[in-house]
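*Asks:* Right, I'll just put the structure down here and ask away after.
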Amino acid sequence: MGPSISLNDVGLRYENNIVLQDISVSLDAGKCHVIMGPNGGGKTSLLRSILGLTPFKGEINVNWTDSKGKIGYVPQKATFEPSLPLTVLDFILLNQSRSPLFFNFNKKHKVKALAQLARLGMADRAMFRMGQLSGGEQQRVLFAQALLDNPDLLILDEPTNGMDDQGVRYFESLISDLVKEQKTILVVHHDISAVRRLEATVHVVNGVLIESGDASEVLQTNKIEQLFNHYRSTPVSDVVNDSTVNSEVA
Ligand SMILES: Nc1ncnc2c1ncn2[C@@H]1O[C@H](COP(=O)(O)OP(=O)(O)OP(=O)(O)O)[C@@H](O)[C@H]1O
């Protein structure tokens with residue numbers, strides 16, 4: 001069983017830029033939670049706070065039922081140099097091995113890695129270099145790597161970015177399997193139609209928490225515009241009085 005996660009009055013700022021404020025929410029264990037909201041609304045910052053990768057104020061508790069379980073994380077983007085001699089299989093196995101990459105990996109690990117790649121339809125790319133894959137294919141490999149240790153908490157930042165329809169279908173079917181296994185999944189997603197297909201709780205974040213609830217409730221057609229246009233705009237008067245803007249306009 002995955003953990004529940006509770007956030008209490010969480011805030012985060014980068015110098016003068018207040019990115020998150022007053023975020024208090026409980027994320028139920030063993031469910032899929034989707035974080036949505038406009039660009040720059042603080043979704044990635046929220047994930048990074050939960051992962052302990054960035055300082056924040058307030059309190060975040062990851063509540064494991066027994067001992068601390070495993071966490072899988074797929075970041076928003078990764079860059080691989082095309083000339084780097086790192087195959088897909090090498091990459092998947094990297095965090096499994098305590099010996100240098102040029103030693104042969106043990107067969108059991110390879111079989112396990114290939115099985116995870118197959119779950120994402122990527123087994124036939126195992127010997128390609130990471131840098132030779134398309135963006136959507138790299139996302140699939142990152143997801144396969146995150147699944148390798150059978151994590152109880154899976155944190156995914158825009159995992160279907162750049163994926164084709166087939167990739168999205170693999171993703172959706174995997175999420176559905178993982179929810180049946182009672183893993184806790186936290187995923188940042190922008191595609192409203194795709195999120196409606198997931199069995200998920202949706203949390204709309206734009207600096208503050210705007211709304212939380214079942215996807216069917218939160219993503220009602222008549223509410224979408226209001227939810228996603230909830231800009232924390234600079235007052236128009238400030239923009240007009242800004243000398244930089246004025247000089248650019250002139
Ligand atoms: N390391 C950083 N230093 C300074 N500012 C940052 C840093 N990381 C993010 N920000 C700022 O914090 C704000 C929120 O960024 P964040 O990446 O969390 O948003 P997001 O909702 O995930 O956006 P998107 O949908 O575009 O991925 C943005 O204004 C961004 O410029």
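Quick note on naming: the chains in the structure tokens go A, B, ... in the order shown, residues restart at 1 in each chain, and ligands are numbered from 1 in order of appearance.
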List all protein, DNA and RNA residues that have an atom no more than 9 Å from any atom of ligand 1, counting only C-alpha atoms and all ligand atoms, and report them as a CSV table (one decimal) with C-alpha atoms, in the first residue's frame.
*Replies:*
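So the final result, stored in part-v1.csv, reads:
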```csv
chain,number,residue,atom,x,y,z
A,12,LEU,CA,7.5,28.4,-1.2
A,13,ARG,CA,9.2,31.4,-2.7
A,14,TYR,CA,12.1,32.1,-4.9
A,15,GLU,CA,13.5,35.5,-3.7
A,17,ASN,CA,8.5,35.4,-6.3
A,18,ILE,CA,5.9,33.8,-4.2
A,19,VAL,CA,5.3,30.5,-5.9
A,20,LEU,CA,3.1,28.6,-3.4
A,35,ILE,CA,-2.0,18.1,-10.1
A,36,MET,CA,-3.3,20.5,-12.8
A,37,GLY,CA,-3.1,24.3,-13.3
A,38,PRO,CA,-1.7,26.9,-15.6
A,39,ASN,CA,2.0,27.2,-16.6
A,40,GLY,CA,4.1,28.7,-13.8
A,41,GLY,CA,1.4,27.8,-11.2
A,42,GLY,CA,3.8,25.9,-9.0
A,43,LYS,CA,3.0,22.3,-9.9
A,44,THR,CA,6.6,21.1,-10.3
A,45,SER,CA,7.6,23.2,-7.2
A,46,LEU,CA,4.9,21.3,-5.2
A,47,LEU,CA,6.2,17.9,-6.4
A,48,ARG,CA,9.8,18.9,-5.6
A,54,THR,CA,13.5,22.2,-2.5
A,76,GLN,CA,9.6,16.8,-16.3
A,157,ASP,CA,5.9,15.3,-13.8
A,158,GLU,CA,4.1,15.6,-17.1
A,188,VAL,CA,1.3,16.6,-13.0
A,189,HIS,CA,-0.8,16.6,-16.2
A,190,HIS,CA,-2.1,19.3,-18.6
A,205,VAL,CA,-3.0,24.7,-8.2
A,206,ASN,CA,-2.1,28.2,-9.2
A,207,GLY,CA,0.0,29.5,-6.4
```
*Asks:* Excluding Asp66 of chain A and any residue of its chain fewer than 4 positions from it, enumerate the residues within 10 Å of it, using only C-alpha atoms, and give them as a CSV table (one decimal) with C-alpha atoms, in the first residue's frame.
*Replies:*
```
chain,number,residue,atom,x,y,z
A,1,MET,CA,0.0,0.0,0.0
A,2,GLY,CA,1.3,3.5,-0.9
A,3,PRO,CA,1.5,6.3,1.7
```
*Asks:* Quick one: pick out all strand (DSSP E or B) residues within segment 106-176 of chain A from a backbone DSSP run and write them as a list of chain:residue names.
*Replies:*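 Of segment 106-176 of chain A, the ones in strand (DSSP E or B) are A:Arg129, A:Leu153, A:Leu154, A:Ile155, A:Leu156, A:Asp157.
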*Asks:* My list of candidates is A:Gln132, A:Gln139, A:Thr201, A:Asn8. Which is closest to Gln21 of chain A when distances are computed with only C-alpha atoms?
*Replies:* A:Asn8
*Asks:* Might you pull out every residue within 7 Å of Arg196 of chain A, with only C-alpha atoms counted and same-chain residues fewer than 4 positions away left off, and present them as an mmCIF file with C-alpha atoms, in the first residue's frame?
*Replies:*
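This is the output file part32.cif:
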```cif
data_model
loop_
_atom_site.group_PDB
_atom_site.id
_atom_site.type_symbol
_atom_site.label_atom_id
_atom_site.label_comp_id
_atom_site.auth_asym_id
_atom_site.auth_seq_id
_atom_site.Cartn_x
_atom_site.Cartn_y
_atom_site.Cartn_z
ATOM 1 C CA ILE A 192 -7.984 17.623 -19.450
ATOM 2 C CA ALA A 215 -11.987 14.434 -11.811
ATOM 3 C CA SER A 216 -15.655 14.240 -12.834
#
```
*Asks:* So what do you get for atom CA of Asp214 of chain A versus atom CA of Gln166 of chain A, distance-wise?
*Replies:*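 Distance between the two atoms: 25.8 Å.
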